[in-house]
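What follows is a short report on a single structure.
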Amino acid sequence: MKTIVLSDTHLYEEFDEKKFNFLKRIISKVDRVIINGDFWDSYICSFSDFINSPWKKLFPLLKTKKTVYIYGNHDKKSLTDKKNITFL
């Protein structure tokens, strides 16, 4: 089983096509993803803005990889809405 651990991507509503394609490519090659904090950046955008941004195109892929999400200091659990984390 191939696993990738991602940390500190600090995604926010401004979409970066190059970063998206990189993440999509490396996530596609593994069986499991562990997000080790700071996937999105609450200091730059709200959780709602993030999950409604173009980054949401990654969520179906993350869901197929049985993603484990560990919250960081920029994406605190208290700032998220569990029902809206569609990739868990």
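The way I read the labels, and the way they are meant: chains A, B, ... in the order of the structure tokens, residue 1 as the first residue of every chain, and ligand 1 as the first ligand shown, with later ones counted on from there.
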
Shell around Met1 of chain A at 8 Å using only C-alpha atoms, local window under 3 positions removed, as a list in words: Val30, Asp31 and Arg32 of chain A

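Closest approach to Ile35 of chain A from the set A:Ser7, A:Thr64, A:Asn73, A:Thr80 is made by A:Ser7, with distances taken over only C-alpha atoms.
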
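Relative to atom CA of Asp75 of chain A, atom CA of Ile26 of chain A is found at 21.9 Å.
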
Strand (DSSP E) call set, DSSP backbone run, segment 1-85 of chain A, as a list in words: Thr3, Ile4, Val5, Leu6, Arg32, Val33, Ile34, Ile35, Asn36, Val68, Tyr69 and Ile70 of chain A

Just write the chosen residues, C-alpha atoms, as a tab-separated table (two decimals), in the first residue's frame.
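Just written: again34.tsv:
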```
chain	number	residue	atom	x	y	z
A	3	THR	CA	0.76	6.26	1.36
A	4	ILE	CA	1.56	9.93	0.99
A	5	VAL	CA	1.69	12.41	3.87
A	6	LEU	CA	0.94	16.01	2.92
A	32	ARG	CA	-3.94	6.41	1.02
A	33	VAL	CA	-3.45	10.10	1.87
A	34	ILE	CA	-2.65	11.54	5.27
A	35	ILE	CA	-3.08	15.29	5.53
A	36	ASN	CA	-0.89	16.33	8.43
A	68	VAL	CA	-6.93	10.84	7.07
A	69	TYR	CA	-7.18	14.49	8.06
A	70	ILE	CA	-5.16	15.79	11.01
```

Helix (DSSP H, G or I) residues, from DSSP on the backbone, in chain A, as a ChimeraX atom specification: /A:17-28,47-51,54-64,77-79,82-84

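Atom pair atom CA of Asp38 of chain A / atom CA of Leu23 of chain A has a distance of 14.6 Å (rounded to one decimal).
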
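Excluding Phe20 of chain A itself and any same-chain residue fewer than 3 positions from it, the protein and nucleic acid residues within 10 Å of it, counting only C-alpha atoms, are Leu11, Phe15, Asp16, Glu17, Leu23, Lys24, Arg25, Pro54, Trp55, Lys57 and Leu58 of chain A.
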
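Residue nearest Leu62 of chain A, chosen from A:Glu13, A:Ser28, A:Phe47, A:Gly37 and counting only C-alpha atoms: A:Ser28.
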
Nearby residues (only C-alpha atoms) at most 7 Å from Phe50 of chain A, same-chain spacing under 4 positions excluded, as a PyMOL selection string: chain A and resi 12-13+45-46

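Across the model, the gap from atom CA of Tyr71 of chain A to atom CA of Lys19 of chain A is 20.7 Å.
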
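Remark: for Asp8 of chain A, the closest of the candidate residues A:Ile51, A:Lys77, A:Asp41, A:Pro60 is A:Asp41 (distances computed over only C-alpha atoms).
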